[in-house]
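The block underneath contains the structure these notes are about, expressed in structure tokens.
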Amino acid sequence: MATDSGIDETSVGADDRANLVQLLRTAYPHPRFPDGPYERTADAILEQIGESVWHRTLLTRGLRTLDDAAHGPFRDLDDIAASELLHAIADAEFFVFIRGVAVPLLYGDPEVWAALGYEGESFSKGGYVNRGFDDLDWLPDPRVEEYDGSDEFVEVADQDQLKKA
Amino acid sequence: MSDNNAFQIAYDDEAVVIVGSGAGGGTLAYELTARGIPCVVLEAGAYLKPEDYENDEWPAFNQMAWLDKRTTSGSWRVARDFPNLPAWIVKAVGGSTTHWSGATPRFKDYEFKTKTYYGGVQGANLLDWPITLEELAPYYDAAEKAMGSTHRHGRPPLPANNNYKVFANGAESVGYKFYATGPYATNAEPYDGRPASIQDGFNFQGDKNSSKWSTAVREIPRALATGKLDLRTQSQAVQITHDAKGHADGVLYLDKDGNLHRQRAKVVCVAGNSIESPRLLLMSASSLHPNGLANSSGQVGRNYMRHTTGSVYATFDKPVRMYRGETMAGIVADEARLDTARGFAGGYYLETLALGPAFMGAFVEPGGWGADFAALLDAYLNTAGLWIVGEDLPQETNRITLNTADQDQWGLPVPNVHFDDHANDVAMREHAYSRADLMYEAVGAQSTHHTPPYPSTHNLGSCRMSARPEDGVVDAHGQAHDVPGLFVSDGSQMTSGAAANPTLTIVALAIRQAEFIADELAKGAL
């Protein structure tokens with residue numbers, strides 16, 4: 001959307017997207033994650049920009065002014081400097097909004113699951129009943145039946161028993 | 001009217017009209033139709049079948065969760081973390097039995113008598129139930145058999161999955177004795193026409209294998225098979241009407257296109273879960289019931305309980321893979337007792353719980369970000385988890401009200417859920433966190449994380465049972481004290497929340513209520 005002054009204040013360019021990817025990598029720093037999930041999350045957030053004037057103006061203003069706060073391109077900051085900057089703007093509405101949208105997208109990404117060791121859908125593979133649902137071998141196999149030893153379960157402790165009238 | 005079956009009840013036929021098809025409504029529908037009593041079930045959601053369920057946390061959530069707008073207030077953390085999602089329940093045929101964990105402990109004797117046992121706890125609106133465990137016991141038996149509870153009535157236990165191995169070894173190490181893989185209403189071997197669990201790890205998403213009991217796979221199909229059930233899906237109840245004498249006589253509801261219909265009724269049973277049920281009564285105010293239907297006590301919507309909950313996730317130096325196998329299949333009952341020497345009244349259970357990374361990201365530390373947060377997810381493979389579920393105390397100010405300043409997609413006032421933790425709830429939660437830490441540390445945990453309560457999955461007490469009309473909304477059979485022919489048939493009738501997961505008790509109460517309604521109808525008394 002061009003404004004009266006002719007300046008495009010509410011559309012997102014490549015630099016804004018790069019700032020958003022950097023923001024996501026800094027807010028959710030997982031060295032094992034490849035770039036793909038961060039980029040997909042960023043693109044999904046940017047796709048939602050058109051949903052309301054509020055989202056569009058909020059996000060573009062926030063992403064663009066990251067450079068002002070960084071005194072240079074935010075996307076080029078090192079991890080420590082980027083993290084310090086984000087902590088300084090932790091309560092900024094646009095950043096709060098991005099976090100709320102980003103978490104389900106990022107941690108719902110199958111490439112993230114693979115990086116974390118999660119296997120995703122399992123029903124079509126017959127579940128895990130024959131594929132390691134009980135393969136933990138560093139502890140003994142515990143009892144699965146209910147306790148049937150000599151100790152009685154004390155439902156009401158002595159001091160909480162009703163006083164006999 | 002009905003798109004699910006050939007049997008149709010005319011709008012002006014007096015039927016038993018049941019609002020909701022979950023643990024309470026679905027059970028009631030089956031128990032009544034099996035006795036030949038025609039029923040209309042108004043279900044706000046669609047009829048999802050096992051083949052529709054998805055093995056993917058967020059898509060499944062968006063498929064079945066109740067996402068109609070709600071608001072929150074109060075000092076509970078859910079109001080901050082999830083201001084428009086106070087409750088995590090299901091909008092579909094089967095209600096929240098679609099996504100429930102499956103745990104089926106019974107309430108204990110003292111939990112029916114909390115006023116007597118706990119005495120005067122400041123700020124708590126305690127009351128004894130008008131029924132006892134002894135009276136409910138035969139219905140618990142019937143419910144356990146219907147639901148196929150493991151460890152009960154000859155049903156074998158579920159096997160130990162990875163998460164349980166950590167949990168149970170931890171429990172044993174700290175001296176707990178009353179732990180096991182159940183009781184859970186999930187088949188360890190084929191039972192009642194449904195197969196054994198394949199341990200696929202998806203349970204909160206609806207069980208595609210149908211090994212877990214739900215009214216969507218048992219009671220509703222069987223009720224339809226009787227030819228006496230008119231199941232109307234995507235039908236949102238708006239108001240319950242009464243005749244000039246004050247007897248419930250109909251339900252107004254919206255179909256999926258927003259058209260308003262009125263179904264005549266001789267009996268109305270409300271089972272919309274503990275937020276929607278009081279909301280419906282409050283929306284049904286009339287000149288005879290100016291403060292809401294069945295609300296002469298002023299207790300409709302009050303005493304809302306949501307269980308004292310929390311989770312603990314522990315990380316180890318070796319893999320756990322908690323996501324493999326049943327989401328919940330482990331229970332420690334040692335703390336589910338009354339012992340005020342611990343610093344609080346009531347008890348709690350610890351139960352295994354596993355989330356995938358998608359839900360862990362959202363729930364392990366809501367709003368979290370940064371390096372410490374990322375570390376919780378990085379440890380995912382080596383993480384074990386459990387859930388705390390304990391009794392919270394009823395408070396009059398914890399309540400469901402109509403928020404007339406805000407409307408849902410139909411233009412109806414949204415329900416507001418107000419909740420403040422009682423000091424007793426906080427003390428119990430802290431105790432439970434510390435016991436869970438000890439369990440996990442005893443088997444080598446490197447760290448533990450205390451996760452705050454999720455949006456409420458157990459919603460209770462907002463139309464409670466009482467012996468005296470001035471203390472509550474419904475009587476010992478769930479019938480409104482002041483509206484003949486109106487019943488509350490879900491967890492909102494619970495006078496206390498107890499420590500146990502509520503579904504078994506909701507089903508037992510519904511079986512008992514169905515017997516009462518059938519007897520009264522036969523006598524011409526309703």
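Chain labels A, B, ... are given in the sequence in which chains occur in the structure tokens; within each chain residues are numbered consecutively from 1, and ligands are likewise numbered from 1 in the order shown.
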Strand (DSSP E or B) call set, DSSP backbone run, range 196-444 of chain B, as an mmCIF file with N, CA and C atoms, in the first residue's frame:
```
data_model
loop_
_atom_site.group_PDB
_atom_site.id
_atom_site.type_symbol
_atom_site.label_atom_id
_atom_site.label_comp_id
_atom_site.auth_asym_id
_atom_site.auth_seq_id
_atom_site.Cartn_x
_atom_site.Cartn_y
_atom_site.Cartn_z
ATOM 1 N N LYS B 212 -9.403 -46.792 22.249
ATOM 2 C CA LYS B 212 -9.825 -45.975 23.389
ATOM 3 C C LYS B 212 -11.344 -45.803 23.332
ATOM 4 N N LEU B 229 -32.807 -42.924 18.014
ATOM 5 C CA LEU B 229 -32.036 -41.689 18.205
ATOM 6 C C LEU B 229 -32.101 -40.811 16.961
ATOM 7 N N ASP B 230 -32.480 -39.577 17.163
ATOM 8 C CA ASP B 230 -32.425 -38.562 16.119
ATOM 9 C C ASP B 230 -31.245 -37.648 16.462
ATOM 10 N N LEU B 231 -30.122 -37.905 15.812
ATOM 11 C CA LEU B 231 -28.880 -37.178 16.096
ATOM 12 C C LEU B 231 -28.768 -35.989 15.152
ATOM 13 N N ARG B 232 -28.802 -34.812 15.711
ATOM 14 C CA ARG B 232 -28.706 -33.608 14.885
ATOM 15 C C ARG B 232 -27.372 -32.926 15.174
ATOM 16 N N GLN B 236 -26.544 -25.897 17.480
ATOM 17 C CA GLN B 236 -26.150 -25.146 18.670
ATOM 18 C C GLN B 236 -27.374 -24.759 19.484
ATOM 19 N N ALA B 237 -27.489 -25.331 20.679
ATOM 20 C CA ALA B 237 -28.619 -24.972 21.543
ATOM 21 C C ALA B 237 -28.501 -23.517 21.976
ATOM 22 N N VAL B 238 -29.612 -22.822 21.988
ATOM 23 C CA VAL B 238 -29.635 -21.395 22.291
ATOM 24 C C VAL B 238 -30.444 -21.102 23.549
ATOM 25 N N GLN B 239 -31.499 -21.864 23.745
ATOM 26 C CA GLN B 239 -32.391 -21.570 24.871
ATOM 27 C C GLN B 239 -33.221 -22.807 25.203
ATOM 28 N N ILE B 240 -33.488 -22.961 26.482
ATOM 29 C CA ILE B 240 -34.419 -23.988 26.940
ATOM 30 C C ILE B 240 -35.698 -23.265 27.351
ATOM 31 N N THR B 241 -36.823 -23.774 26.888
ATOM 32 C CA THR B 241 -38.096 -23.112 27.215
ATOM 33 C C THR B 241 -38.854 -23.933 28.260
ATOM 34 N N HIS B 242 -39.793 -23.269 28.912
ATOM 35 C CA HIS B 242 -40.650 -23.962 29.880
ATOM 36 C C HIS B 242 -42.091 -23.549 29.648
ATOM 37 N N ALA B 248 -39.952 -27.775 31.961
ATOM 38 C CA ALA B 248 -39.167 -27.666 30.717
ATOM 39 C C ALA B 248 -39.966 -28.280 29.579
ATOM 40 N N ASP B 249 -40.045 -27.560 28.449
ATOM 41 C CA ASP B 249 -40.880 -28.094 27.367
ATOM 42 C C ASP B 249 -40.281 -27.934 25.970
ATOM 43 N N GLY B 250 -39.042 -27.496 25.860
ATOM 44 C CA GLY B 250 -38.474 -27.407 24.518
ATOM 45 C C GLY B 250 -37.084 -26.812 24.524
ATOM 46 N N VAL B 251 -36.435 -26.945 23.365
ATOM 47 C CA VAL B 251 -35.105 -26.368 23.186
ATOM 48 C C VAL B 251 -35.077 -25.632 21.850
ATOM 49 N N LEU B 252 -34.649 -24.375 21.893
ATOM 50 C CA LEU B 252 -34.390 -23.627 20.669
ATOM 51 C C LEU B 252 -32.943 -23.864 20.265
ATOM 52 N N TYR B 253 -32.733 -24.125 18.972
ATOM 53 C CA TYR B 253 -31.350 -24.324 18.536
ATOM 54 C C TYR B 253 -31.160 -23.835 17.119
ATOM 55 N N LEU B 254 -29.904 -23.566 16.811
ATOM 56 C CA LEU B 254 -29.524 -23.120 15.473
ATOM 57 C C LEU B 254 -28.958 -24.298 14.698
ATOM 58 N N LEU B 260 -33.069 -20.954 13.057
ATOM 59 C CA LEU B 260 -33.519 -21.283 14.407
ATOM 60 C C LEU B 260 -34.664 -22.291 14.355
ATOM 61 N N HIS B 261 -34.569 -23.322 15.174
ATOM 62 C CA HIS B 261 -35.625 -24.331 15.272
ATOM 63 C C HIS B 261 -36.024 -24.484 16.728
ATOM 64 N N ARG B 262 -37.239 -25.020 16.920
ATOM 65 C CA ARG B 262 -37.638 -25.357 18.283
ATOM 66 C C ARG B 262 -38.049 -26.819 18.311
ATOM 67 N N GLN B 263 -37.413 -27.575 19.176
ATOM 68 C CA GLN B 263 -37.791 -28.968 19.383
ATOM 69 C C GLN B 263 -38.576 -29.059 20.681
ATOM 70 N N ARG B 264 -39.807 -29.543 20.572
ATOM 71 C CA ARG B 264 -40.580 -29.753 21.806
ATOM 72 C C ARG B 264 -39.942 -30.869 22.624
ATOM 73 N N ALA B 265 -40.131 -30.782 23.909
ATOM 74 C CA ALA B 265 -39.510 -31.770 24.787
ATOM 75 C C ALA B 265 -40.389 -32.047 25.989
ATOM 76 N N LYS B 266 -40.355 -33.278 26.449
ATOM 77 C CA LYS B 266 -40.952 -33.556 27.761
ATOM 78 C C LYS B 266 -39.869 -33.605 28.824
ATOM 79 N N VAL B 267 -38.649 -33.889 28.379
ATOM 80 C CA VAL B 267 -37.495 -33.861 29.271
ATOM 81 C C VAL B 267 -36.346 -33.213 28.506
ATOM 82 N N VAL B 268 -35.613 -32.316 29.170
ATOM 83 C CA VAL B 268 -34.421 -31.719 28.570
ATOM 84 C C VAL B 268 -33.223 -32.065 29.456
ATOM 85 N N CYS B 269 -32.192 -32.609 28.829
ATOM 86 C CA CYS B 269 -30.974 -32.965 29.555
ATOM 87 C C CYS B 269 -29.824 -32.138 28.994
ATOM 88 N N VAL B 270 -29.189 -31.371 29.839
ATOM 89 C CA VAL B 270 -28.123 -30.475 29.402
ATOM 90 C C VAL B 270 -26.774 -31.122 29.700
ATOM 91 N N MET B 305 -15.006 -25.481 38.776
ATOM 92 C CA MET B 305 -13.724 -26.100 39.143
ATOM 93 C C MET B 305 -13.040 -26.607 37.880
ATOM 94 N N THR B 308 -6.736 -28.862 40.038
ATOM 95 C CA THR B 308 -5.401 -28.316 40.241
ATOM 96 C C THR B 308 -4.458 -29.122 39.352
ATOM 97 N N THR B 309 -3.888 -28.462 38.375
ATOM 98 C CA THR B 309 -3.067 -29.189 37.399
ATOM 99 C C THR B 309 -1.712 -28.525 37.235
ATOM 100 N N GLY B 310 -0.915 -29.155 36.432
ATOM 101 C CA GLY B 310 0.423 -28.705 36.091
ATOM 102 C C GLY B 310 1.128 -29.893 35.478
ATOM 103 N N SER B 311 2.253 -29.660 34.859
ATOM 104 C CA SER B 311 3.034 -30.773 34.302
ATOM 105 C C SER B 311 4.481 -30.625 34.716
ATOM 106 N N VAL B 312 5.170 -31.754 34.742
ATOM 107 C CA VAL B 312 6.611 -31.731 34.946
ATOM 108 C C VAL B 312 7.259 -32.497 33.804
ATOM 109 N N TYR B 313 8.202 -31.855 33.155
ATOM 110 C CA TYR B 313 8.982 -32.498 32.091
ATOM 111 C C TYR B 313 10.429 -32.596 32.563
ATOM 112 N N ALA B 314 10.949 -33.805 32.536
ATOM 113 C CA ALA B 314 12.288 -34.072 33.039
ATOM 114 C C ALA B 314 13.186 -34.530 31.897
ATOM 115 N N THR B 315 14.422 -34.047 31.907
ATOM 116 C CA THR B 315 15.359 -34.453 30.845
ATOM 117 C C THR B 315 16.451 -35.351 31.414
ATOM 118 N N ILE B 331 -0.196 -44.168 36.219
ATOM 119 C CA ILE B 331 -0.842 -43.375 37.265
ATOM 120 C C ILE B 331 -0.185 -43.699 38.607
ATOM 121 N N VAL B 332 0.111 -42.650 39.366
ATOM 122 C CA VAL B 332 0.558 -42.808 40.752
ATOM 123 C C VAL B 332 -0.572 -42.295 41.642
ATOM 124 N N LEU B 338 -6.529 -37.937 51.673
ATOM 125 C CA LEU B 338 -6.689 -36.762 52.539
ATOM 126 C C LEU B 338 -5.688 -36.851 53.676
ATOM 127 N N TYR B 348 -4.173 -35.679 45.074
ATOM 128 C CA TYR B 348 -3.891 -35.553 43.643
ATOM 129 C C TYR B 348 -3.271 -36.836 43.100
ATOM 130 N N TYR B 349 -3.414 -37.006 41.806
ATOM 131 C CA TYR B 349 -2.744 -38.078 41.077
ATOM 132 C C TYR B 349 -1.617 -37.497 40.243
ATOM 133 N N LEU B 350 -0.648 -38.343 39.953
ATOM 134 C CA LEU B 350 0.353 -38.052 38.927
ATOM 135 C C LEU B 350 0.109 -39.052 37.797
ATOM 136 N N GLU B 351 0.087 -38.583 36.577
ATOM 137 C CA GLU B 351 -0.239 -39.435 35.434
ATOM 138 C C GLU B 351 0.727 -39.150 34.298
ATOM 139 N N THR B 352 1.176 -40.184 33.607
ATOM 140 C CA THR B 352 2.107 -39.953 32.498
ATOM 141 C C THR B 352 1.426 -39.105 31.434
ATOM 142 N N THR B 383 13.295 -36.563 26.996
ATOM 143 C CA THR B 383 12.368 -35.986 27.967
ATOM 144 C C THR B 383 11.258 -36.959 28.341
ATOM 145 N N ALA B 384 10.961 -37.002 29.648
ATOM 146 C CA ALA B 384 9.804 -37.747 30.148
ATOM 147 C C ALA B 384 8.834 -36.734 30.753
ATOM 148 N N GLY B 385 7.553 -37.060 30.734
ATOM 149 C CA GLY B 385 6.590 -36.082 31.224
ATOM 150 C C GLY B 385 5.464 -36.687 32.035
ATOM 151 N N LEU B 386 4.922 -35.874 32.916
ATOM 152 C CA LEU B 386 3.746 -36.284 33.683
ATOM 153 C C LEU B 386 2.836 -35.087 33.910
ATOM 154 N N TRP B 387 1.616 -35.424 34.272
ATOM 155 C CA TRP B 387 0.590 -34.413 34.532
ATOM 156 C C TRP B 387 0.115 -34.565 35.958
ATOM 157 N N ILE B 388 -0.090 -33.442 36.606
ATOM 158 C CA ILE B 388 -0.666 -33.402 37.951
ATOM 159 C C ILE B 388 -2.159 -33.169 37.814
ATOM 160 N N VAL B 389 -2.958 -33.973 38.491
ATOM 161 C CA VAL B 389 -4.396 -33.700 38.505
ATOM 162 C C VAL B 389 -4.911 -33.921 39.923
ATOM 163 N N GLY B 390 -5.386 -32.834 40.524
ATOM 164 C CA GLY B 390 -5.832 -32.916 41.907
ATOM 165 C C GLY B 390 -7.079 -32.085 42.145
ATOM 166 N N ARG B 399 -16.535 -18.539 38.343
ATOM 167 C CA ARG B 399 -17.848 -18.722 37.752
ATOM 168 C C ARG B 399 -17.881 -18.417 36.262
ATOM 169 N N ILE B 400 -18.909 -18.992 35.646
ATOM 170 C CA ILE B 400 -19.217 -18.734 34.247
ATOM 171 C C ILE B 400 -20.320 -17.669 34.225
ATOM 172 N N THR B 401 -20.096 -16.610 33.477
ATOM 173 C CA THR B 401 -21.131 -15.595 33.302
ATOM 174 C C THR B 401 -21.298 -15.319 31.815
ATOM 175 N N LEU B 402 -22.384 -14.632 31.477
ATOM 176 C CA LEU B 402 -22.561 -14.188 30.095
ATOM 177 C C LEU B 402 -21.825 -12.865 29.922
ATOM 178 N N ASN B 403 -20.944 -12.824 28.954
ATOM 179 C CA ASN B 403 -20.254 -11.582 28.632
ATOM 180 C C ASN B 403 -21.028 -10.915 27.496
ATOM 181 N N THR B 404 -21.989 -10.081 27.882
ATOM 182 C CA THR B 404 -22.886 -9.511 26.869
ATOM 183 C C THR B 404 -22.196 -8.451 26.025
ATOM 184 N N ALA B 405 -20.978 -8.079 26.390
ATOM 185 C CA ALA B 405 -20.247 -7.107 25.576
ATOM 186 C C ALA B 405 -19.564 -7.773 24.383
ATOM 187 N N ASP B 406 -19.595 -9.097 24.354
ATOM 188 C CA ASP B 406 -18.862 -9.806 23.306
ATOM 189 C C ASP B 406 -19.756 -10.916 22.757
ATOM 190 N N GLN B 407 -19.741 -11.081 21.449
ATOM 191 C CA GLN B 407 -20.652 -12.056 20.840
ATOM 192 C C GLN B 407 -19.891 -13.123 20.067
ATOM 193 N N PRO B 413 -24.196 -14.002 23.373
ATOM 194 C CA PRO B 413 -23.172 -13.539 24.319
ATOM 195 C C PRO B 413 -22.176 -14.656 24.626
ATOM 196 N N VAL B 414 -20.892 -14.312 24.610
ATOM 197 C CA VAL B 414 -19.893 -15.352 24.885
ATOM 198 C C VAL B 414 -19.842 -15.631 26.379
ATOM 199 N N PRO B 415 -19.445 -16.830 26.753
ATOM 200 C CA PRO B 415 -19.247 -17.099 28.181
ATOM 201 C C PRO B 415 -17.912 -16.522 28.642
ATOM 202 N N ASN B 416 -17.926 -15.912 29.819
ATOM 203 C CA ASN B 416 -16.677 -15.506 30.457
ATOM 204 C C ASN B 416 -16.364 -16.505 31.567
ATOM 205 N N VAL B 417 -15.115 -16.896 31.645
ATOM 206 C CA VAL B 417 -14.690 -17.842 32.677
ATOM 207 C C VAL B 417 -13.769 -17.111 33.641
ATOM 208 N N HIS B 418 -14.256 -16.931 34.851
ATOM 209 C CA HIS B 418 -13.455 -16.261 35.884
ATOM 210 C C HIS B 418 -12.917 -17.302 36.850
#
```
Identify all residues of range 7-90 of chain A in alpha helix (DSSP H) (DSSP on the backbone) and supply them as an MDAnalysis selection string. chainID A and resid 14:27 35:47 53:70 79:88
Can you pull out the residues contacting Asp135 in chain A? Cut-off 12 Å, using only C-alpha atoms, and skip same-chain residues under 5 positions away; I want them as a count of residues only. 20
What residues in chain B lie within 7 Å of chain A, counting only C-alpha atoms, written as JSON, numbers by chain? {"B": [55, 56, 117, 157, 159, 160, 161, 162, 165, 168, 169, 177, 178, 179, 180, 181, 198, 199, 200, 320, 324, 325, 337, 338, 339, 340, 357, 358, 361, 362, 369, 370, 371, 374, 378, 380, 381]}
Output N, CA and C atoms of each residue in that selection to a file, as a short mmCIF file (atom, residue, chain, number, x, y, z; two decimals), in the first residue's frame.
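Final file, result.cif:
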```cif
data_model
loop_
_atom_site.label_atom_id
_atom_site.label_comp_id
_atom_site.auth_asym_id
_atom_site.auth_seq_id
_atom_site.Cartn_x
_atom_site.Cartn_y
_atom_site.Cartn_z
N ASN B 55 -3.14 -37.61 12.81
CA ASN B 55 -1.95 -37.81 13.65
C ASN B 55 -1.04 -36.58 13.57
N ASP B 56 -1.57 -35.42 13.90
CA ASP B 56 -0.79 -34.19 13.79
C ASP B 56 -1.45 -33.19 14.74
N TYR B 117 -15.51 -33.43 55.80
CA TYR B 117 -14.12 -33.80 56.05
C TYR B 117 -13.16 -32.62 56.09
N PRO B 157 -3.93 -55.16 32.14
CA PRO B 157 -3.28 -53.84 32.12
C PRO B 157 -2.66 -53.54 30.77
N PRO B 159 0.56 -52.44 28.61
CA PRO B 159 1.99 -52.65 28.85
C PRO B 159 2.69 -51.34 29.19
N ALA B 160 3.90 -51.46 29.68
CA ALA B 160 4.70 -50.28 30.04
C ALA B 160 5.30 -49.67 28.78
N ASN B 161 4.99 -48.42 28.51
CA ASN B 161 5.70 -47.74 27.42
C ASN B 161 6.90 -46.98 27.99
N ASN B 162 7.64 -46.32 27.12
CA ASN B 162 8.90 -45.69 27.55
C ASN B 162 8.67 -44.65 28.65
N LYS B 165 8.04 -46.29 31.91
CA LYS B 165 9.22 -46.91 32.55
C LYS B 165 9.96 -45.91 33.42
N ALA B 168 7.41 -44.96 36.46
CA ALA B 168 7.20 -46.01 37.46
C ALA B 168 8.48 -46.31 38.24
N ASN B 169 9.61 -46.30 37.56
CA ASN B 169 10.87 -46.50 38.28
C ASN B 169 11.12 -45.34 39.25
N LYS B 177 3.95 -46.76 46.16
CA LYS B 177 3.55 -48.15 45.91
C LYS B 177 2.36 -48.26 44.98
N PHE B 178 1.49 -47.26 45.03
CA PHE B 178 0.20 -47.41 44.34
C PHE B 178 0.27 -46.83 42.93
N TYR B 179 1.17 -47.41 42.16
CA TYR B 179 1.31 -47.00 40.76
C TYR B 179 1.01 -48.21 39.88
N ALA B 180 0.59 -47.91 38.65
CA ALA B 180 0.26 -48.96 37.67
C ALA B 180 0.06 -48.27 36.32
N THR B 181 -0.20 -49.07 35.28
CA THR B 181 -0.46 -48.48 33.96
C THR B 181 -1.94 -48.14 33.77
N ILE B 198 -2.58 -49.99 19.37
CA ILE B 198 -1.34 -50.17 18.59
C ILE B 198 -0.28 -49.17 19.04
N GLN B 199 -0.55 -48.48 20.16
CA GLN B 199 0.47 -47.60 20.75
C GLN B 199 0.96 -46.57 19.74
N ASP B 200 0.00 -45.93 19.06
CA ASP B 200 0.44 -45.01 18.00
C ASP B 200 0.82 -43.63 18.53
N VAL B 320 14.39 -41.19 25.81
CA VAL B 320 13.15 -41.68 26.40
C VAL B 320 12.13 -41.99 25.29
N ARG B 324 6.24 -42.29 21.93
CA ARG B 324 5.88 -43.62 21.45
C ARG B 324 4.95 -44.29 22.46
N GLY B 325 3.79 -44.67 21.98
CA GLY B 325 2.86 -45.37 22.86
C GLY B 325 1.78 -44.46 23.39
N ARG B 337 -5.20 -38.80 48.45
CA ARG B 337 -5.73 -39.12 49.77
C ARG B 337 -5.86 -37.83 50.56
N LEU B 338 -6.53 -37.94 51.67
CA LEU B 338 -6.69 -36.76 52.54
C LEU B 338 -5.69 -36.85 53.68
N ASP B 339 -4.76 -35.91 53.67
CA ASP B 339 -3.76 -35.85 54.73
C ASP B 339 -3.32 -34.39 54.84
N THR B 340 -3.99 -33.65 55.70
CA THR B 340 -3.75 -32.21 55.77
C THR B 340 -2.37 -31.90 56.37
N PRO B 357 6.45 -32.29 19.70
CA PRO B 357 7.12 -30.99 19.71
C PRO B 357 6.18 -29.82 19.44
N ALA B 358 5.16 -30.03 18.63
CA ALA B 358 4.25 -28.92 18.30
C ALA B 358 3.53 -28.42 19.55
N GLY B 361 6.06 -26.96 22.21
CA GLY B 361 6.42 -25.58 21.92
C GLY B 361 5.39 -24.60 22.47
N ALA B 362 4.12 -24.97 22.36
CA ALA B 362 3.06 -24.07 22.78
C ALA B 362 2.81 -24.11 24.28
N TRP B 369 10.51 -17.94 25.11
CA TRP B 369 11.40 -17.82 23.95
C TRP B 369 12.80 -17.62 24.49
N GLY B 370 13.78 -17.65 23.61
CA GLY B 370 15.16 -17.46 24.03
C GLY B 370 15.86 -18.80 24.25
N ALA B 371 17.10 -18.71 24.71
CA ALA B 371 17.96 -19.89 24.78
C ALA B 371 17.44 -20.95 25.77
N ALA B 374 14.52 -22.70 24.17
CA ALA B 374 14.96 -23.59 23.09
C ALA B 374 15.58 -24.87 23.65
N ASP B 378 15.14 -28.71 22.65
CA ASP B 378 16.31 -29.46 22.16
C ASP B 378 16.44 -30.79 22.89
N TYR B 380 14.10 -32.75 23.66
CA TYR B 380 12.84 -33.47 23.46
C TYR B 380 13.00 -34.99 23.51
N LEU B 381 13.96 -35.50 22.78
CA LEU B 381 14.12 -36.96 22.67
C LEU B 381 14.36 -37.60 24.04
#
```
I'd like the contact shell of Trp213 in chain B - 9 Å cut-off, only C-alpha atoms, skipping same-chain residues fewer than 2 positions apart - returned as a compact mmCIF listing (two decimals) with C-alpha atoms, in the first residue's frame.
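Now in part_6.txt:
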```txt
# COMPACT_ATOMS: atom_id res chain seq x y z
CA THR B 97 -14.36 -38.22 25.02
CA THR B 98 -12.90 -37.86 21.53
CA GLY B 102 -8.70 -42.36 29.11
CA ALA B 146 -18.90 -50.14 29.31
CA MET B 147 -15.65 -48.27 28.91
CA GLY B 148 -13.38 -51.30 29.24
CA SER B 149 -11.22 -49.95 32.05
CA ALA B 185 -10.31 -47.03 29.20
CA THR B 186 -8.07 -48.14 26.37
CA ASN B 187 -8.00 -51.74 25.24
CA ARG B 194 -12.79 -52.74 19.39
CA ASP B 207 -7.85 -42.50 18.43
CA SER B 210 -10.72 -46.98 18.23
CA SER B 211 -8.96 -48.81 21.04
CA THR B 215 -19.11 -42.14 23.05
CA ALA B 216 -18.33 -41.49 19.36
CA VAL B 217 -17.22 -45.10 18.90
CA ARG B 218 -19.53 -46.86 21.36
```
CA of Pro183 in chain B to CA of Ala103 in chain B, straight-line distance in Å: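 CA of Pro183 in chain B lies 6.1 Å from CA of Ala103 in chain B.
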Go ahead and compute the interatomic distance for CA of Pro73 in chain A and CA of Asp91 in chain A, in Å to one decimal.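 Pair CA of Pro73 in chain A / CA of Asp91 in chain A returns 21.1 Å.
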Point-to-point distance in Å for CA of Ala522 in chain B and CA of Glu470 in chain B: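 CA of Ala522 in chain B lies 29.4 Å from CA of Glu470 in chain B.
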Non-local contacts of range 504-520 of chain B (10 Å; only C-alpha atoms; under 3 positions in same chain excluded) as a VMD selection string: chain B and resid 16 22 to 33 35 to 37 102 to 107 135 to 144 146 to 147 149 184 to 185 215 267 269 271 476 to 479 485 487 to 494 500 to 501 523 to 526
Could you name the residues that touch Leu393 in chain B at 8 Å or less, counting only C-alpha atoms, but leaving out those on the same chain fewer than 4 positions away, as a PyMOL selection string? chain B and resi 124-126+305+422+424-425+496-497
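The residue that comes closest to Thr60 in chain A, out of A:Ile45, A:Ala18, A:Ala92, A:Val12 and on the basis of only C-alpha atoms, is A:Val12.
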